[in-house]
Amino acid sequence: MTPHTHHHPQAPNRQTLYVAIALVLGVALGEALNLTLGGVGQHDPLLAQIVAVLNMLTDVFLRLVKMIIAPLVFATLVVGMAKMGDIHTVGRIGLKAMLWFFSASIASLLLGMLLVNVFEPGNSLHIPLPPTDAASGLPNVKPTLSNFVAHIFPKSIFEAMSANEILQIVVFSMFFGIACASLGELAHPFVKLLDSLAHIMLKVTSYVMHYAPVAVFSAMASVIAQQGIGVLLSYGKFIGEFYFGLLLLCSLLGGFACLFLGRRMLSLIRHIREPMLLAFGTASSESAYPKLLQQLERFGCDEKVCGLVLPLGYSFNLDGSMMYMTFAVLFIAQAYGIDMPLADQLLMLLVLLFTSKGVAGVPRASLIVISATLSMFKIPEAGLLLLLGIDQVLDMGRSATNVYGNSIASALVSRWEKALR
């Protein structure tokens, strides 16, 4: 076993380096493609074909990761519950996690609101109001209470797994795990089977992660090839301010975590930098889930706690996305010269706090929530078109921040449960 333990710390560092190199090379190739083929007009058929191939390479990786998530969440959660043994422990951990999620969400929303009001990134645009029927091209999913409830409770566990509805898998796994715990000896063989399934899925993760640099490279190249680095300059102020906000949010959450974790906070960041880089490169926090689970357990988080807190966090604790939503709504209002009084802004925060929980698992979910919020406050929904061009660039920061926020949640709850090794 000894050589194996020596091998562990080395591998992630190399992998992080590869992903970082892929990120830079992707930007370089994307810009080269944009300069050579993009100038002819956006409809150069060769550029379209190259972008299609690049998107396909990223898609393969995201599909492989999604293939791992459902069995991994199910196995780790059920085994965790069965080992906890009683419903009180589950309830206690769940309650601590939810309290933290709501506090972090409110902090993210408030910080976003504060920064947009200070920076006023939309004021310099002075855009005439578009026609009210201008299409934003998004799927028409309205965040309603019934949608939210439908997202929580599964009709069929197989349907939930095939659609990767993490929240529904969590609900089923909790019932299943508590039942296993109460049956004790009788359920033992099945729990053992699921335990080995979890280990197998983590092994599969390590295979899939070898492909991560390719996915990050192609994702970056595709975005830059279509938009050009120029889009970063024309929206530079907005992007810069948003990333400054994310940095501030990470420092705020990290500072709070330091009160409980102390020096170990640095070790946590070292452990999670690869999952964060992965989420950043592919603009998907899901792509980092399996690797994140692995790294948090290596850091010393309790596997039972991680198995419960992480999947819940992926549904309820998307700090980066929360901040983006306030940023985007107020940016669009400012761009159209619409004044939102403080009372409206606070009402919007409250609306976002709850509606954002209802569309987990829908692609471009935050855009759909923003669109619903805009219409609620009589701001033209077509304002979203202002952001669609740079959404991927913003999504990269959001996704990395989401991963960071969920890591902190898992570490803190482990610490509060006195289960941090």
# chains A, B, ... in the order shown; residues from 1 in each chain; ligands from 1
call {"tool": "residues_around", "arguments": {"residues": "Asn402 of chain A", "least_positions_apart": "4", "cutoff": "8 Å", "atoms": "only C-alpha atoms", "output": "list of chain:residue names"}}
result
A:Ser285, A:Asn317, A:Leu318, A:Asp319, A:Gly320, A:Ser321, A:Arg398, A:Asn406
call {"tool": "select_by_dssp", "arguments": {"residues": "segment 173-343 of chain A", "states": "alpha helix (DSSP H)", "output": "PyMOL selection string"}}
result
chain A and resi 173-183+188-209+212-227+230-234+236-261+264-282+289-299+303-316+319-335+342-343
call {"tool": "write_last_selection", "arguments": {"atoms": "C-alpha atoms", "output": "compact mmCIF listing (two decimals), in the first residue's frame"}}
result
# COMPACT_ATOMS: atom_id res chain seq x y z
CA SER A 173 -31.30 8.03 -1.46
CA MET A 174 -32.22 9.52 1.91
CA PHE A 175 -35.33 7.35 2.20
CA PHE A 176 -33.36 4.35 0.99
CA GLY A 177 -30.40 4.98 3.29
CA ILE A 178 -32.53 5.51 6.39
CA ALA A 179 -34.43 2.29 5.58
CA CYS A 180 -31.10 0.44 5.25
CA ALA A 181 -29.96 1.84 8.60
CA SER A 182 -33.14 0.76 10.38
CA LEU A 183 -32.94 -2.78 8.95
CA HIS A 188 -25.77 -5.05 5.31
CA PRO A 189 -24.92 -6.99 2.10
CA PHE A 190 -26.61 -4.37 -0.07
CA VAL A 191 -24.85 -1.49 1.70
CA LYS A 192 -21.55 -3.32 1.16
CA LEU A 193 -22.41 -3.65 -2.52
CA LEU A 194 -23.16 0.08 -2.80
CA ASP A 195 -19.93 0.87 -0.93
CA SER A 196 -17.97 -0.97 -3.58
CA LEU A 197 -20.06 0.76 -6.29
CA ALA A 198 -19.00 4.15 -4.87
CA HIS A 199 -15.34 3.12 -5.01
CA ILE A 200 -15.74 1.81 -8.55
CA MET A 201 -17.34 5.10 -9.66
CA LEU A 202 -14.47 7.08 -8.12
CA LYS A 203 -12.05 4.86 -10.04
CA VAL A 204 -14.04 5.55 -13.22
CA THR A 205 -13.75 9.26 -12.33
CA SER A 206 -9.97 9.05 -12.31
CA TYR A 207 -10.09 7.52 -15.83
CA VAL A 208 -12.49 10.17 -17.14
CA MET A 209 -10.37 12.98 -15.63
CA ALA A 212 -10.34 16.79 -18.80
CA PRO A 213 -7.56 18.90 -20.40
CA VAL A 214 -8.96 18.10 -23.86
CA ALA A 215 -12.43 19.22 -22.77
CA VAL A 216 -11.14 22.45 -21.22
CA PHE A 217 -9.03 23.16 -24.33
CA SER A 218 -11.94 22.64 -26.72
CA ALA A 219 -14.44 24.57 -24.55
CA MET A 220 -12.15 27.60 -24.42
CA ALA A 221 -11.20 27.45 -28.10
CA SER A 222 -14.87 27.23 -29.11
CA VAL A 223 -15.94 30.29 -27.08
CA ILE A 224 -13.04 32.49 -28.17
CA ALA A 225 -13.28 31.35 -31.81
CA GLN A 226 -16.90 32.52 -31.96
CA GLN A 227 -16.69 35.66 -29.80
CA GLY A 230 -12.52 41.43 -28.42
CA VAL A 231 -15.81 40.62 -26.66
CA LEU A 232 -13.84 40.56 -23.40
CA LEU A 233 -12.64 44.09 -24.11
CA SER A 234 -16.00 45.56 -25.11
CA GLY A 236 -14.40 44.31 -20.07
CA LYS A 237 -15.78 46.59 -17.37
CA PHE A 238 -18.78 44.36 -16.64
CA ILE A 239 -16.70 41.15 -16.71
CA GLY A 240 -13.97 42.72 -14.55
CA GLU A 241 -16.46 43.95 -11.97
CA PHE A 242 -18.25 40.60 -11.88
CA TYR A 243 -15.00 38.69 -11.37
CA PHE A 244 -13.94 41.20 -8.71
CA GLY A 245 -17.28 40.47 -7.00
CA LEU A 246 -16.64 36.71 -7.17
CA LEU A 247 -13.17 37.22 -5.70
CA LEU A 248 -14.67 39.29 -2.89
CA LEU A 249 -17.33 36.61 -2.27
CA CYS A 250 -14.69 33.86 -2.14
CA SER A 251 -12.60 35.92 0.30
CA LEU A 252 -15.67 36.55 2.45
CA LEU A 253 -16.66 32.84 2.59
CA GLY A 254 -13.01 31.79 3.00
CA GLY A 255 -12.50 34.30 5.80
CA PHE A 256 -15.53 32.95 7.66
CA ALA A 257 -14.36 29.36 7.12
CA CYS A 258 -10.93 30.33 8.55
CA LEU A 259 -12.59 31.01 11.90
CA PHE A 260 -13.36 27.29 12.15
CA LEU A 261 -10.72 25.67 9.93
CA ARG A 264 -6.34 24.10 7.15
CA MET A 265 -8.19 26.52 4.88
CA LEU A 266 -5.03 26.75 2.73
CA SER A 267 -4.85 22.98 2.53
CA LEU A 268 -8.52 22.91 1.45
CA ILE A 269 -7.82 25.37 -1.37
CA ARG A 270 -4.84 23.26 -2.46
CA HIS A 271 -7.04 20.18 -2.59
CA ILE A 272 -9.88 21.77 -4.54
CA ARG A 273 -7.94 23.81 -7.07
CA GLU A 274 -8.18 21.10 -9.73
CA PRO A 275 -11.98 20.69 -9.47
CA MET A 276 -12.26 24.50 -9.49
CA LEU A 277 -10.08 24.82 -12.58
CA LEU A 278 -12.10 22.09 -14.24
CA ALA A 279 -15.39 23.85 -13.49
CA PHE A 280 -13.84 27.10 -14.74
CA GLY A 281 -12.58 25.62 -18.01
CA THR A 282 -15.77 23.74 -18.90
CA TYR A 289 -18.53 16.92 -8.87
CA PRO A 290 -16.90 13.45 -8.90
CA LYS A 291 -13.37 14.85 -8.59
CA LEU A 292 -14.48 17.26 -5.85
CA LEU A 293 -15.92 14.42 -3.77
CA GLN A 294 -12.60 12.59 -4.06
CA GLN A 295 -10.50 15.63 -3.12
CA LEU A 296 -12.68 16.60 -0.14
CA GLU A 297 -12.29 13.11 1.32
CA ARG A 298 -8.53 13.37 0.76
CA PHE A 299 -8.56 16.70 2.57
CA GLU A 303 -17.31 10.79 3.69
CA LYS A 304 -20.75 10.51 5.27
CA VAL A 305 -21.00 14.29 5.60
CA CYS A 306 -19.68 14.91 2.06
CA GLY A 307 -22.08 12.35 0.65
CA LEU A 308 -25.00 14.36 2.05
CA VAL A 309 -23.78 17.97 1.91
CA LEU A 310 -22.33 18.01 -1.62
CA PRO A 311 -25.39 16.81 -3.55
CA LEU A 312 -27.60 19.13 -1.48
CA GLY A 313 -25.16 21.95 -2.15
CA TYR A 314 -25.34 21.35 -5.88
CA SER A 315 -29.06 22.02 -5.67
CA PHE A 316 -29.22 24.72 -3.00
CA ASP A 319 -23.09 31.03 -4.55
CA GLY A 320 -21.54 32.19 -7.82
CA SER A 321 -24.83 31.82 -9.71
CA MET A 322 -26.75 33.68 -7.00
CA MET A 323 -24.43 36.62 -7.23
CA TYR A 324 -24.64 36.60 -11.01
CA MET A 325 -28.42 36.78 -10.92
CA THR A 326 -28.54 40.05 -8.95
CA PHE A 327 -25.67 41.40 -11.03
CA ALA A 328 -27.41 40.58 -14.31
CA VAL A 329 -30.91 41.84 -13.42
CA LEU A 330 -29.62 45.18 -12.14
CA PHE A 331 -27.12 45.51 -15.01
CA ILE A 332 -29.94 45.12 -17.55
CA ALA A 333 -32.14 47.58 -15.65
CA GLN A 334 -29.28 50.10 -15.63
CA ALA A 335 -28.56 49.55 -19.34
CA LEU A 342 -34.22 49.81 -2.90
CA ALA A 343 -37.52 48.20 -1.86
call {"tool": "atom_distance", "arguments": {"atom1": "atom CA of Met67 of chain A", "atom2": "atom CA of Asp391 of chain A"}}
result
25.3 Å
call {"tool": "closest_residue", "arguments": {"among": "A:Leu145, A:Ser284, A:Leu114, A:Pro71", "to": "Ile169 of chain A", "atoms": "only C-alpha atoms"}}
result
A:Pro71
call {"tool": "closest_residue", "arguments": {"among": "A:Leu374, A:Ile152, A:Val170, A:Ile408", "to": "Lys357 of chain A", "atoms": "only C-alpha atoms"}}
result
A:Ile152
call {"tool": "residues_around", "arguments": {"residues": "Ile69 of chain A", "least_positions_apart": "3", "cutoff": "10 Å", "atoms": "only C-alpha atoms", "output": "mmCIF file with all heavy atoms, in the first residue's frame"}}
result
data_model
loop_
_atom_site.group_PDB
_atom_site.id
_atom_site.type_symbol
_atom_site.label_atom_id
_atom_site.label_comp_id
_atom_site.auth_asym_id
_atom_site.auth_seq_id
_atom_site.Cartn_x
_atom_site.Cartn_y
_atom_site.Cartn_z
ATOM 1 N N LEU A 64 -19.613 12.129 -20.153
ATOM 2 C CA LEU A 64 -18.938 11.107 -19.335
ATOM 3 C C LEU A 64 -19.074 11.429 -17.850
ATOM 4 O O LEU A 64 -19.299 10.545 -17.021
ATOM 5 C CB LEU A 64 -17.450 11.023 -19.708
ATOM 6 C CG LEU A 64 -17.128 10.365 -21.054
ATOM 7 C CD1 LEU A 64 -15.648 10.511 -21.388
ATOM 8 C CD2 LEU A 64 -17.512 8.888 -21.055
ATOM 9 N N VAL A 65 -18.957 12.708 -17.517
ATOM 10 C CA VAL A 65 -19.082 13.091 -16.108
ATOM 11 C C VAL A 65 -20.507 12.865 -15.624
ATOM 12 O O VAL A 65 -20.746 12.329 -14.542
ATOM 13 C CB VAL A 65 -18.674 14.566 -15.909
ATOM 14 C CG1 VAL A 65 -19.036 15.024 -14.505
ATOM 15 C CG2 VAL A 65 -17.181 14.727 -16.125
ATOM 16 N N LYS A 66 -21.484 13.253 -16.466
ATOM 17 C CA LYS A 66 -22.886 13.077 -16.059
ATOM 18 C C LYS A 66 -23.207 11.596 -15.858
ATOM 19 O O LYS A 66 -24.029 11.234 -15.022
ATOM 20 C CB LYS A 66 -23.810 13.684 -17.112
ATOM 21 C CG LYS A 66 -23.818 15.205 -16.992
ATOM 22 C CD LYS A 66 -24.778 15.853 -17.955
ATOM 23 C CE LYS A 66 -24.896 17.337 -17.616
ATOM 24 N NZ LYS A 66 -25.336 18.135 -18.719
ATOM 25 N N LEU A 72 -22.902 7.689 -8.452
ATOM 26 C CA LEU A 72 -21.998 8.120 -7.381
ATOM 27 C C LEU A 72 -22.782 8.766 -6.236
ATOM 28 O O LEU A 72 -22.581 8.439 -5.061
ATOM 29 C CB LEU A 72 -20.967 9.105 -7.944
ATOM 30 C CG LEU A 72 -19.867 9.544 -6.989
ATOM 31 C CD1 LEU A 72 -19.027 8.341 -6.557
ATOM 32 C CD2 LEU A 72 -18.954 10.582 -7.623
ATOM 33 N N VAL A 73 -23.697 9.680 -6.582
ATOM 34 C CA VAL A 73 -24.507 10.344 -5.548
ATOM 35 C C VAL A 73 -25.331 9.305 -4.793
ATOM 36 O O VAL A 73 -25.380 9.296 -3.557
ATOM 37 C CB VAL A 73 -25.441 11.408 -6.179
ATOM 38 C CG1 VAL A 73 -26.442 11.922 -5.161
ATOM 39 C CG2 VAL A 73 -24.628 12.569 -6.728
ATOM 40 N N PHE A 74 -25.963 8.421 -5.548
ATOM 41 C CA PHE A 74 -26.813 7.397 -4.922
ATOM 42 C C PHE A 74 -26.001 6.523 -3.970
ATOM 43 O O PHE A 74 -26.350 6.357 -2.799
ATOM 44 C CB PHE A 74 -27.476 6.539 -6.012
ATOM 45 C CG PHE A 74 -28.306 5.403 -5.473
ATOM 46 C CD1 PHE A 74 -29.411 5.659 -4.679
ATOM 47 C CD2 PHE A 74 -27.977 4.084 -5.749
ATOM 48 C CE1 PHE A 74 -30.186 4.613 -4.161
ATOM 49 C CE2 PHE A 74 -28.741 3.033 -5.243
ATOM 50 C CZ PHE A 74 -29.845 3.301 -4.449
ATOM 51 N N ALA A 75 -24.880 5.990 -4.468
ATOM 52 C CA ALA A 75 -24.086 5.067 -3.650
ATOM 53 C C ALA A 75 -23.511 5.756 -2.420
ATOM 54 O O ALA A 75 -23.648 5.256 -1.295
ATOM 55 C CB ALA A 75 -22.965 4.455 -4.490
ATOM 56 N N MET A 161 -32.545 9.460 -12.335
ATOM 57 C CA MET A 161 -31.144 9.161 -12.652
ATOM 58 C C MET A 161 -30.835 9.444 -14.121
ATOM 59 O O MET A 161 -29.779 9.963 -14.452
ATOM 60 C CB MET A 161 -30.810 7.714 -12.312
ATOM 61 C CG MET A 161 -30.606 7.487 -10.836
ATOM 62 S SD MET A 161 -30.093 5.809 -10.498
ATOM 63 C CE MET A 161 -29.363 5.991 -8.873
ATOM 64 N N ASN A 164 -30.450 12.998 -14.555
ATOM 65 C CA ASN A 164 -29.468 13.585 -13.637
ATOM 66 C C ASN A 164 -30.065 14.655 -12.735
ATOM 67 O O ASN A 164 -29.462 15.699 -12.502
ATOM 68 C CB ASN A 164 -28.286 14.177 -14.411
ATOM 69 C CG ASN A 164 -27.086 13.261 -14.326
ATOM 70 O OD1 ASN A 164 -27.024 12.388 -13.467
ATOM 71 N ND2 ASN A 164 -26.140 13.436 -15.210
ATOM 72 N N GLU A 165 -31.263 14.390 -12.237
ATOM 73 C CA GLU A 165 -31.898 15.326 -11.294
ATOM 74 C C GLU A 165 -31.306 15.063 -9.913
ATOM 75 O O GLU A 165 -31.801 14.228 -9.151
ATOM 76 C CB GLU A 165 -33.413 15.086 -11.255
ATOM 77 C CG GLU A 165 -34.138 15.470 -12.518
ATOM 78 C CD GLU A 165 -34.442 16.960 -12.552
ATOM 79 O OE1 GLU A 165 -34.030 17.674 -11.625
ATOM 80 O OE2 GLU A 165 -35.092 17.396 -13.511
ATOM 81 N N ILE A 166 -30.240 15.800 -9.586
ATOM 82 C CA ILE A 166 -29.503 15.486 -8.351
ATOM 83 C C ILE A 166 -30.405 15.543 -7.121
ATOM 84 O O ILE A 166 -30.379 14.671 -6.260
ATOM 85 C CB ILE A 166 -28.297 16.437 -8.185
ATOM 86 C CG1 ILE A 166 -27.276 16.143 -9.276
ATOM 87 C CG2 ILE A 166 -27.662 16.288 -6.806
ATOM 88 C CD1 ILE A 166 -25.942 16.808 -9.102
ATOM 89 N N MET A 201 -17.034 3.847 -8.942
ATOM 90 C CA MET A 201 -17.341 5.095 -9.657
ATOM 91 C C MET A 201 -16.221 6.129 -9.493
ATOM 92 O O MET A 201 -15.916 6.884 -10.407
ATOM 93 C CB MET A 201 -18.668 5.698 -9.180
ATOM 94 C CG MET A 201 -19.919 4.900 -9.534
ATOM 95 S SD MET A 201 -19.927 4.108 -11.150
ATOM 96 C CE MET A 201 -20.039 5.479 -12.261
ATOM 97 N N LEU A 202 -15.590 6.142 -8.314
ATOM 98 C CA LEU A 202 -14.471 7.077 -8.121
ATOM 99 C C LEU A 202 -13.276 6.666 -8.974
ATOM 100 O O LEU A 202 -12.525 7.503 -9.471
ATOM 101 C CB LEU A 202 -14.083 7.153 -6.644
ATOM 102 C CG LEU A 202 -15.080 7.916 -5.769
ATOM 103 C CD1 LEU A 202 -14.749 7.779 -4.292
ATOM 104 C CD2 LEU A 202 -15.132 9.397 -6.145
ATOM 105 N N THR A 205 -14.031 7.818 -12.306
ATOM 106 C CA THR A 205 -13.750 9.264 -12.331
ATOM 107 C C THR A 205 -12.301 9.531 -12.695
ATOM 108 O O THR A 205 -11.998 10.387 -13.529
ATOM 109 C CB THR A 205 -14.030 9.882 -10.937
ATOM 110 O OG1 THR A 205 -15.393 9.657 -10.616
ATOM 111 C CG2 THR A 205 -13.746 11.371 -10.926
ATOM 112 N N GLU A 286 -21.052 20.874 -12.552
ATOM 113 C CA GLU A 286 -21.291 19.418 -12.524
ATOM 114 C C GLU A 286 -20.048 18.650 -12.922
ATOM 115 O O GLU A 286 -19.772 17.577 -12.399
ATOM 116 C CB GLU A 286 -22.428 19.053 -13.483
ATOM 117 C CG GLU A 286 -23.778 19.018 -12.822
ATOM 118 C CD GLU A 286 -24.827 18.333 -13.690
ATOM 119 O OE1 GLU A 286 -24.567 18.110 -14.879
ATOM 120 O OE2 GLU A 286 -25.901 18.027 -13.160
ATOM 121 N N SER A 287 -19.278 19.196 -13.883
ATOM 122 C CA SER A 287 -18.125 18.459 -14.385
ATOM 123 C C SER A 287 -17.095 18.221 -13.284
ATOM 124 O O SER A 287 -16.264 17.328 -13.386
ATOM 125 C CB SER A 287 -17.466 19.220 -15.535
ATOM 126 O OG SER A 287 -16.867 20.396 -15.043
ATOM 127 N N ALA A 288 -17.167 19.025 -12.216
ATOM 128 C CA ALA A 288 -16.169 18.887 -11.148
ATOM 129 C C ALA A 288 -16.662 17.997 -10.003
ATOM 130 O O ALA A 288 -15.889 17.661 -9.117
ATOM 131 C CB ALA A 288 -15.833 20.266 -10.600
ATOM 132 N N TYR A 289 -17.941 17.606 -10.034
ATOM 133 C CA TYR A 289 -18.529 16.922 -8.866
ATOM 134 C C TYR A 289 -17.763 15.661 -8.441
ATOM 135 O O TYR A 289 -17.349 15.545 -7.282
ATOM 136 C CB TYR A 289 -20.007 16.576 -9.130
ATOM 137 C CG TYR A 289 -20.677 15.893 -7.962
ATOM 138 C CD1 TYR A 289 -21.353 16.630 -7.006
ATOM 139 C CD2 TYR A 289 -20.584 14.516 -7.777
ATOM 140 C CE1 TYR A 289 -21.939 16.024 -5.919
ATOM 141 C CE2 TYR A 289 -21.163 13.895 -6.684
ATOM 142 C CZ TYR A 289 -21.838 14.647 -5.762
ATOM 143 O OH TYR A 289 -22.394 14.031 -4.681
ATOM 144 N N PRO A 290 -17.546 14.695 -9.363
ATOM 145 C CA PRO A 290 -16.897 13.452 -8.902
ATOM 146 C C PRO A 290 -15.497 13.698 -8.351
ATOM 147 O O PRO A 290 -15.122 13.146 -7.321
ATOM 148 C CB PRO A 290 -16.843 12.590 -10.179
ATOM 149 C CG PRO A 290 -17.872 13.161 -11.087
ATOM 150 C CD PRO A 290 -17.908 14.624 -10.784
ATOM 151 N N PRO A 311 -24.241 16.818 -2.633
ATOM 152 C CA PRO A 311 -25.394 16.814 -3.552
ATOM 153 C C PRO A 311 -26.443 17.857 -3.194
ATOM 154 O O PRO A 311 -27.046 18.474 -4.071
ATOM 155 C CB PRO A 311 -25.970 15.401 -3.437
ATOM 156 C CG PRO A 311 -25.105 14.641 -2.540
ATOM 157 C CD PRO A 311 -24.026 15.513 -2.008
#
call {"tool": "closest_residue", "arguments": {"among": "A:Leu37, A:Leu186, A:Ile68, A:Leu47", "to": "Ala82 of chain A", "atoms": "only C-alpha atoms"}}
result
A:Leu186
